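Containing TSV, C-alpha atoms and all ligand atoms: input_22.tsv.
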```tsv
chain	number	residue	atom	x	y	z
H	19	MET	CA	6.48	19.83	8.82
H	20	ASN	CA	3.02	20.84	10.11
H	21	GLY	CA	4.00	23.82	12.25
H	22	PRO	CA	5.54	24.13	15.67
H	23	ALA	CA	4.82	21.61	18.38
H	24	PRO	CA	2.10	22.77	20.86
H	25	GLU	CA	4.62	23.44	23.60
H	26	ALA	CA	6.54	25.73	21.22
H	27	ARG	CA	3.58	28.05	20.47
H	28	LEU	CA	4.16	31.54	21.84
H	29	ASP	CA	0.63	32.94	21.35
H	30	GLY	CA	-1.02	30.59	23.85
H	31	LEU	CA	-3.63	29.50	21.33
H	32	PRO	CA	-4.50	25.86	20.87
H	33	GLU	CA	-3.44	24.14	17.72
H	34	PRO	CA	-5.85	24.79	14.84
H	35	SER	CA	-7.09	21.20	15.03
H	36	GLU	CA	-8.19	21.81	18.67
H	37	ARG	CA	-10.14	25.04	18.02
H	38	LEU	CA	-13.90	25.27	17.55
H	39	PRO	CA	-15.08	25.47	13.96
H	40	GLU	CA	-15.52	29.10	12.91
H	41	SER	CA	-19.26	28.49	12.46
H	42	LEU	CA	-19.58	27.81	16.21
H	43	VAL	CA	-17.68	30.86	17.39
H	44	VAL	CA	-19.88	33.73	18.58
H	45	PRO	CA	-18.71	36.86	16.74
H	46	VAL	CA	-18.87	39.23	19.73
H	47	ASP	CA	-18.60	38.50	23.41
H	48	SER	CA	-21.10	39.68	25.99
H	49	ARG	CA	-18.85	42.55	27.08
H	50	HIS	CA	-18.87	43.99	23.57
H	51	GLN	CA	-22.63	43.46	23.32
H	52	ARG	CA	-23.18	45.37	26.59
H	53	ILE	CA	-21.03	48.23	25.33
H	54	ALA	CA	-22.99	48.35	22.06
H	55	ILE	CA	-26.37	48.24	23.82
H	56	ARG	CA	-25.32	50.99	26.25
H	57	HIS	CA	-24.13	53.12	23.36
H	58	ARG	CA	-27.38	52.55	21.43
H	59	ASP	CA	-29.90	52.98	24.27
H	60	GLN	CA	-28.00	55.58	26.37
H	61	HIS	CA	-30.41	55.08	29.33
H	62	CYS	CA	-33.31	52.97	30.60
H	63	THR	CA	-35.68	52.35	27.70
H	64	SER	CA	-38.83	52.62	29.80
H	65	HIS	CA	-40.87	55.63	28.68
H	66	GLY	CA	-40.14	58.60	30.93
H	67	CYS	CA	-37.19	57.02	32.73
H	68	ASP	CA	-33.74	58.50	32.30
H	69	TRP	CA	-31.59	56.27	34.49
H	70	PRO	CA	-28.11	56.29	32.91
H	71	ALA	CA	-26.86	53.29	30.95
H	72	ALA	CA	-24.10	52.55	33.45
H	73	MET	CA	-26.74	51.86	36.11
H	74	CYS	CA	-29.02	49.76	33.90
H	75	HIS	CA	-29.32	46.03	33.31
H	76	VAL	CA	-29.42	44.42	29.89
H	77	HIS	CA	-32.84	42.83	29.44
H	78	HIS	CA	-33.64	40.09	26.91
H	79	ASN	CA	-36.92	40.94	25.21
H	80	THR	CA	-37.43	37.25	24.54
H	81	PRO	CA	-36.24	35.22	27.56
H	82	TRP	CA	-33.72	32.46	27.01
H	83	SER	CA	-36.27	30.06	28.42
H	84	ARG	CA	-38.49	30.85	25.43
H	85	GLY	CA	-35.78	30.62	22.81
H	86	GLY	CA	-34.45	34.17	22.97
H	87	ASN	CA	-31.00	34.92	21.68
H	88	THR	CA	-28.27	37.10	23.03
H	89	ASN	CA	-28.02	39.72	20.35
H	90	LEU	CA	-28.49	43.46	20.02
H	91	ALA	CA	-31.90	43.24	18.38
H	92	ASP	CA	-33.34	41.25	21.27
H	93	ALA	CA	-31.89	43.31	24.11
H	94	ARG	CA	-32.59	46.63	25.76
H	95	LEU	CA	-31.47	48.58	28.80
H	96	LEU	CA	-33.75	48.73	31.80
H	97	CYS	CA	-33.02	50.26	35.19
H	98	PRO	CA	-33.28	47.89	38.16
H	99	ARG	CA	-36.87	48.99	38.95
H	100	HIS	CA	-38.13	48.56	35.39
H	101	HIS	CA	-36.17	45.33	34.96
H	102	THR	CA	-38.05	44.00	37.98
H	103	TYR	CA	-41.33	45.03	36.34
H	104	ALA	CA	-40.30	43.25	33.13
H	105	HIS	CA	-39.99	39.96	35.00
H	106	ASN	CA	-43.03	40.45	37.22
H	107	PRO	CA	-46.11	38.66	35.84
H	108	LYS	CA	-48.27	41.39	37.39
H	109	TYR	CA	-46.94	43.82	34.78
H	110	GLN	CA	-47.27	43.79	31.02
H	111	MET	CA	-44.49	45.41	28.98
H	112	LYS	CA	-45.48	46.96	25.65
H	113	THR	CA	-43.17	48.51	23.07
H	114	ILE	CA	-44.34	51.90	21.83
H	115	PRO	CA	-43.56	53.40	18.39
H	116	ASN	CA	-40.41	55.21	19.49
H	117	GLY	CA	-38.90	51.89	20.63
H	118	ARG	CA	-39.29	52.57	24.33
H	119	VAL	CA	-41.54	50.46	26.54
H	120	ILE	CA	-44.38	51.15	28.92
H	121	PHE	CA	-45.56	48.97	31.78
H	122	SER	CA	-49.12	48.42	32.89
H	123	ARG	CA	-50.55	46.21	35.59
H	124	THR	CA	-52.31	43.14	34.30
L	201	ZN	ZN	-36.20	52.77	34.26
```

Once you've parsed the file, please lay out its structure as structure tokens.
Ligand SMILES: [Zn+2]
Amino acid sequence: MNGPAPEARLDGLPEPSERLPESLVVPVDSRHQRIAIRHRDQHCTSHGCDWPAAMCHVHHNTPWSRGGNTNLADARLLCPRHHTYAHNPKYQMKTIPNGRVIFSRT
């Protein structure tokens, strides 16, 4: 016998043969990543801005369109105003030694 028939499973999971290979499963979902980033950054990461984490967006330092990944190392919190700057080609975002960023007009 190879286990219960699919209709007999009580956990709602697909049969092992129908699941994605473990190598293709992302280890944390985006909700957990947002929680971790909020815990790490605590507030907007723009120098001099203290907007609280709950009001910030998660910004990808390297955009998906340029091969960026969704992971903690490539993400930071930015408030709505600074997130707009980050995506505005009129502004350049530069990381400073303490890990925060500054914006300057190009
Ligand atoms: Zn900000």

* Asked: Once you count all atoms listed in the file, which residues end up within 12 Å of ligand ZN 201 (chain L), and could you hand them over as a PyMOL selection string?
  -> chain H and resi 59-71+73-77+94-104+118-121

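Taking atom CA of H:Gln110 and atom CA of H:Arg123 as the two end points, the separation is 6.1 Å.
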
* Return the single residue from H:Asn89, H:Ser48, H:Asn79, H:His57 that is closest to H:Lys112, with distances computed using only C-alpha atoms. =>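 When distances to H:Lys112 are compared using only C-alpha atoms, the smallest one comes from H:Asn79.
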
* Using atom CA of H:Ser83 and atom CA of H:Asn116 as the two end points, give the distance in Å to one decimal. => 27.0 Å

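Taking atom CA of H:His78 as the reference point, atom CA of H:Gln51 is found at 12.1 Å.
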
Please determine an axis-aligned box that encloses all atoms of stretch 110-118 of chain H listed in the file, with 3 Å added on each side, and express its centre and edge lengths in Å to one decimal as AutoDock Vina command-line options.
```
--center_x -43.1 --center_y 49.5 --center_z 24.7 --size_x 14.4 --size_y 17.4 --size_z 18.6
```

* To do: Step by step: start from the point (-49.1, 38.6, 41.2) in the file's coordinates, keep every protein, DNA or RNA residue that has an atom no farther than 10 Å from it, count all atoms listed in the file, and write the set as a VMD selection string.
  => chain H and resid 106 to 109 123 to 124

* Name all residues at most 9 Å from H:Leu90 (count only C-alpha atoms; drop same-chain ones fewer than 5 positions away) and give them as number ranges by chain. => H: 51-52, 54-55

Next, dump the selected residues to file, keeping only C-alpha atoms, as an mmCIF file, keeping the file's coordinate frame.
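Below you can see selection.cif, which holds the result:
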```cif
data_model
loop_
_atom_site.group_PDB
_atom_site.id
_atom_site.type_symbol
_atom_site.label_atom_id
_atom_site.label_comp_id
_atom_site.auth_asym_id
_atom_site.auth_seq_id
_atom_site.Cartn_x
_atom_site.Cartn_y
_atom_site.Cartn_z
ATOM 1 C CA GLN H 51 -22.630 43.460 23.320
ATOM 2 C CA ARG H 52 -23.180 45.370 26.590
ATOM 3 C CA ALA H 54 -22.990 48.350 22.060
ATOM 4 C CA ILE H 55 -26.370 48.240 23.820
#
```

* Which residue gives the smallest distance to H:Ile53 among H:Ala72, H:His105, H:Met111, H:Gly85, with all atoms listed in the file counted? ->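 Among the listed residues, H:Ala72 lies closest to H:Ile53.
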